[in-house]
Amino acid sequence: MSWADAFRLAARSVVRRPGRAALTVVAVALAAALFTAMLTMAATAQGRVLNQLAKGGPLAGIQVAAAAPNPSQAGVDNPALGPSKPIDQTALDRIAKIRGVDVVLPVVTAQSLVAWPGHTATGGNDAGPSGSTGVVFDQLVGIDISDIGDFPVTLSAGRFPSPGSTTQVDVTPVLLARYGITGTATRSVVGSQIILGAPRGFRSSDGTPVFRSRWTKATIVGVVTQQAGSGGVLASLSLVQADQRWTAAGDPTVDPDAVRSPYAGLFVIASGLDAVSSVRAAIETVGYSTSAPENLIATVERYVHVVEIVLTGIGVIALAIASLGITNALLAAVRERRREIGILKAVGARDRDVLRSFLIEAGVMGALGGVIGTVLGLALARLVAAIVDGYLTSQGLAGVHVSTPYLLGIATVVGATVLAVGAGTIPARRAARLPAREAVEL
Amino acid sequence: MGIVRRADPVPPGPTAGPRYASVDDPSPVPAAADDGLAVVGTALAHRYEGPSGVVPVLVDVTFTVPRDGYAALVGPSGAGKTTLLSLIGGLEAVQAGTLEVGGTDVATLEGDDLAAYRRSTVGFIFQNFGLLDALTALENVELAAVLAGERSAVRKRRSAELLDAVGMTPRAAHRPGALSGGERQRVAIARALVNSPRLILADEPTGNLDADTSEEVMQLLESLRRDRGCTLMVVTHDRALAGRATQQLVLDRGRITSTATTGAGPQSGR
């Protein structure tokens with residue numbers, strides 16, 4: 001009997017007993033659904049939670065500060081910085097050539113006064129333009145917005161500024177907290193206008209140090225949590241570089257703290273977590289301080305891996321129980337179909353013909369259950385993710401989204417089929433060994 | 001004439017051994033007077049082990065059914081008729097004695113050879129019809145050819161022709177549940193013939209049928225036997241039906257008590 005004929009015969013048997021077949025398929029489907037949902041959620045935890053730890057950026061990111069390394073802080077995730085050391089294009093090029101470096105992204109900062117008409121900052125002083133009061137001192141952080149996905153920046157409301165825009169900014173919850181805006185209220189600031197002042201120090205004709213600011217209006221288009229640089233306002237490189245140049249052109253004797261390094265820092269992405277240590281060491285050899293949450297991530301990664309193992313274990317146990325269900329259903333089928341098997345033998349079926357037919361029957365139920373279960377499992381994972389996402393966003397935090405793990409789906413269907421065939425082996429062998437005389441005895 | 005391919009391995013036997021159907025010749029095997037196989041049982045014994053101990057079913061059974069013969073196995077219930085037929089059909093293993101079908105020692109067949117013997121040498125007709133409920137009449141007939149590895153087009157054509165020969169073409173697409181007892185037995189007869197066997201074994205083929213239908217079925221079996229040149233062995237309780245056979249083997253409590261050949265009068269049994 002050919003495989004195609006055996007398949008047709010098995011399909012007829014499945015269709016002939018729709019109730020039992022349906023129950024068996026449902027058992028496999030539920031187990032496969034649980035397995036898929038568990039693994040999808042575990043994978044989401046693995047990927048997204050760690051991403052959240054890295055504040056949305058890649059795990060292999062290294063921050064390079066415009067400061068010399070402090071030898072006593074070697075190997076520390078967030079070391080105390082050594083003496084200031086500007087980062088120029090030459091340093092950037094050298095770092096880019098280090099083995100294990102994927103991308104080097106510049107970060108520019110500029111001192112800034114922040115005035116927000118209609119809002120008063122706690123601890124703010126002086127009056128600002130347009131009748132604003134409580135002007136606060138902060139820093140602008142400028143990055144290439146088109147590379148935003150590579151930076152440790154997480155959007156919790158609104159959007160990122162358009163690349164190259166000089167009138168759009170994002171603000172951080174830290175800055176908003178200075179205005180008493182916290183939690184879900186942070187979302188309400190999107191669309192507000194703030195005024196940013198780039199200070200410049202100079203001396204008056206009588207030698208008195210004086211500061212004057214160049215004020216520009218900007219629209220808050222989003223709220224972000226960021227660790228690209230130290231500052232409460234995130235903007236495009238062009239906006240921040242313009243302010244930085246204005247401030248840097250001032251009298252250094254009046255404002256010695258003004259940022260004069262072309263780049264306030266770099267964000268270096270290593271080729272992988274394993275390469276982070278060696279890349280950090282190489283950057284420090286070039287002469288700059290580095291920081292990366294690699295130890296924290298490695299620790300959390302281990303814990304997440306344990307969670308993944310536990311969830312996978314639950315899914316595997318569910319599949320094992322479903323396999324027992326298939327074994328039971330097929331054993332019952334063998335008992336019920338002794339006469340039918342006897343007839344097959346009596347008209348010339350070989351043992352392997354009967355074995356093949358039963359294994360195909362088990363495989364068909366396993367595959368069918370696997371497909372239905374995978375779809376159900378992904379839907380379940382998405383439902384759970386939607387609930388979690390709703391909770392997180394209601395708390396003003398970045399949400400969680402489940403990607404579709406096609407490979408996991410294929411693996412689940414194949415796994416369920418293989419398990420079902422394995423579970424069907426004992427009943428199939430039992431059926432194959434039934435004597436032909438069953439045809440005349442029953 | 002096309003290429004003749006054997007559908008199954010040939011069990012060992014003399015030159016007059018089983019003949020296998022050509023897969024590219026869908027027509028029924030032409031009638032030939034000497035196409036049937038001789039069945040020779042010598043000192044056959046068989047017993048079952050039941051909860052109350054060993055039960056002897058056949059005791060020292062010796063008989064010969066000649067080629068192209070038509071034998072009836074008669075006797076009371078529990079005489080061992082079905083067991084003897086099962087031994088000849090390869091459904092039961094021979095425990096003691098020898099059993100030759102067309103010169104082949106059935107006791108030596110096992111595994112795939114035994115399956116091939118059941119598939120192609122013997123056509124078995126059951127009292128309870130032995131049809132699979134999940135398949136249509138045509139598919140039931142086709143099943144034996146499927147197991148023989150016949151090509152789809154050939155087996156479908158041959159099955160359709162056999163259904164036509166037994167007058168079941170209008171009911172070809174019906175499942176057994178929708179057929180009467182007589183119709184089911186006709187389908188079972190067609191199935192038994194699909195691989196062109198040279199020995200037809202019928203276990204009480206009219207046991208579940210009324211008198212008229214029994215007559216029709218027996219006439220059908222006998223005409224097919226004549227046309228196709230097979231040896232036919234029928235188990236029956238019915239003396240009248242047994243009388244239609246050219247040879248009667250009477251069993252009682254596992255022993256052959258008499259054999260009779262039409263025109264030759266009863267002979268002493270063992």
# chains A, B, ... in the order shown; residues from 1 in each chain; ligands from 1

call {"tool": "interface_residues", "arguments": {"of": "chain A", "to": "chain B", "cutoff": "6 Å", "atoms": "only C-alpha atoms", "output": "PyMOL selection string"}}
result
chain A and resi 1+16+347-350+436-437

call {"tool": "select_by_dssp", "arguments": {"residues": "segment 67-154 of chain B", "states": "strand (DSSP E)", "output": "PyMOL selection string"}}
result
chain B and resi 70-74+96-101+104-105+122-125

call {"tool": "select_by_dssp", "arguments": {"residues": "segment 29-192 of chain B", "states": "helix (DSSP H, G or I)", "output": "MDAnalysis selection string"}}
result
chainID B and resid 81:89 106:108 111:121 137:147 152:165 169:171 176:178 181:192

call {"tool": "closest_residue", "arguments": {"among": "A:Ala4, A:Val169, A:Val310, A:Leu273", "to": "Asp102 of chain A", "atoms": "only C-alpha atoms"}}
result
A:Leu273

call {"tool": "closest_residue", "arguments": {"among": "A:Ala37, A:Ala416, A:Ala298, A:Ala21", "to": "Ala333 of chain A", "atoms": "only C-alpha atoms"}}
result
A:Ala21

call {"tool": "residues_around", "arguments": {"residues": "Arg17 of chain A", "least_positions_apart": "6", "cutoff": "12 Å", "atoms": "only C-alpha atoms", "output": "PDB file with N, CA and C atoms, in the first residue's frame"}}
result
ATOM      1  N   ALA A  10      -6.313   6.495   6.322  1.00  0.00           N
ATOM      2  CA  ALA A  10      -6.259   7.099   7.661  1.00  0.00           C
ATOM      3  C   ALA A  10      -7.226   8.282   7.753  1.00  0.00           C
ATOM      4  N   ALA A  11      -7.258   9.085   6.683  1.00  0.00           N
ATOM      5  CA  ALA A  11      -8.158  10.243   6.677  1.00  0.00           C
ATOM      6  C   ALA A  11      -9.609   9.783   6.793  1.00  0.00           C
ATOM      7  N   LEU A  23     -12.041  15.604  19.585  1.00  0.00           N
ATOM      8  CA  LEU A  23     -11.581  15.742  20.968  1.00  0.00           C
ATOM      9  C   LEU A  23     -10.063  15.596  21.048  1.00  0.00           C
ATOM     10  N   THR A  24      -9.528  14.638  20.307  1.00  0.00           N
ATOM     11  CA  THR A  24      -8.086  14.431  20.328  1.00  0.00           C
ATOM     12  C   THR A  24      -7.368  15.641  19.747  1.00  0.00           C
ATOM     13  N   ALA A 329      -6.538   7.681  22.856  1.00  0.00           N
ATOM     14  CA  ALA A 329      -7.560   7.681  21.801  1.00  0.00           C
ATOM     15  C   ALA A 329      -7.278   6.586  20.774  1.00  0.00           C
ATOM     16  N   LEU A 330      -6.016   6.433  20.428  1.00  0.00           N
ATOM     17  CA  LEU A 330      -5.682   5.421  19.424  1.00  0.00           C
ATOM     18  C   LEU A 330      -5.795   4.001  19.982  1.00  0.00           C
ATOM     19  N   ALA A 332      -7.957   3.131  22.178  1.00  0.00           N
ATOM     20  CA  ALA A 332      -9.403   2.883  22.135  1.00  0.00           C
ATOM     21  C   ALA A 332      -9.829   2.544  20.706  1.00  0.00           C
ATOM     22  N   ALA A 333      -9.222   3.273  19.741  1.00  0.00           N
ATOM     23  CA  ALA A 333      -9.563   3.015  18.340  1.00  0.00           C
ATOM     24  C   ALA A 333      -9.152   1.600  17.940  1.00  0.00           C
ATOM     25  N   GLU A 336     -11.626  -0.762  19.309  1.00  0.00           N
ATOM     26  CA  GLU A 336     -12.891  -0.651  18.578  1.00  0.00           C
ATOM     27  C   GLU A 336     -12.798  -1.256  17.182  1.00  0.00           C
ATOM     28  N   ARG A 337     -11.623  -1.176  16.616  1.00  0.00           N
ATOM     29  CA  ARG A 337     -11.483  -1.521  15.204  1.00  0.00           C
ATOM     30  C   ARG A 337     -10.769  -2.846  14.991  1.00  0.00           C
ATOM     31  N   GLU A 361      -2.622   8.386  10.903  1.00  0.00           N
ATOM     32  CA  GLU A 361      -3.801   8.909  11.615  1.00  0.00           C
ATOM     33  C   GLU A 361      -3.355   9.757  12.811  1.00  0.00           C
TER      34      GLU A 361
ATOM     35  N   ASP B 133     -16.870   0.046   7.002  1.00  0.00           N
ATOM     36  CA  ASP B 133     -17.989   0.992   6.994  1.00  0.00           C
ATOM     37  C   ASP B 133     -17.618   2.358   6.422  1.00  0.00           C
ATOM     38  N   ALA B 134     -16.321   2.707   6.555  1.00  0.00           N
ATOM     39  CA  ALA B 134     -15.906   4.053   6.136  1.00  0.00           C
ATOM     40  C   ALA B 134     -15.786   4.180   4.618  1.00  0.00           C
TER      41      ALA B 134
END

call {"tool": "closest_residue", "arguments": {"among": "B:Ala79, B:Leu241, B:Leu199, B:Val194", "to": "Glu215 of chain B", "atoms": "only C-alpha atoms"}}
result
B:Leu241

call {"tool": "atom_distance", "arguments": {"atom1": "atom CA of Ala68 of chain A", "atom2": "atom CA of Ala248 of chain A"}}
result
20.9 Å

call {"tool": "residues_around", "arguments": {"residues": "segment 381-388 of chain A", "least_positions_apart": "2", "cutoff": "7 Å", "atoms": "only C-alpha atoms", "output": "PyMOL selection string"}}
result
chain A and resi 37+40-41+377-379+390-392+400-402

call {"tool": "atom_distance", "arguments": {"atom1": "atom CA of Ser271 of chain A", "atom2": "atom CA of Ile87 of chain A"}}
result
22.1 Å

call {"tool": "atom_distance", "arguments": {"atom1": "atom CA of Leu324 of chain A", "atom2": "atom CA of Asp353 of chain A"}}
result
23.5 Å

call {"tool": "residues_around", "arguments": {"residues": "Arg198 of chain B", "least_positions_apart": "5", "cutoff": "6 Å", "atoms": "only C-alpha atoms", "output": "list in words"}}
result
Gly36, Leu37, Thr121 and Cys230 of chain B

call {"tool": "closest_residue", "arguments": {"among": "A:Ile62, A:Ala249, A:Val240, A:Ile341", "to": "Arg433 of chain A", "atoms": "only C-alpha atoms"}}
result
A:Ile341

call {"tool": "residues_around", "arguments": {"residues": "Ile189 of chain B", "least_positions_apart": "4", "cutoff": "8 Å", "atoms": "only C-alpha atoms", "output": "VMD selection string"}}
result
chain B and resid 125 166 185 193 221

call {"tool": "residues_around", "arguments": {"residues": "Gly75 of chain B", "least_positions_apart": "3", "cutoff": "9 Å", "atoms": "only C-alpha atoms", "output": "JSON, numbers by chain"}}
result
{"B": [78, 79, 80, 81, 235, 236, 237, 238, 239, 249, 250, 251, 252, 253]}
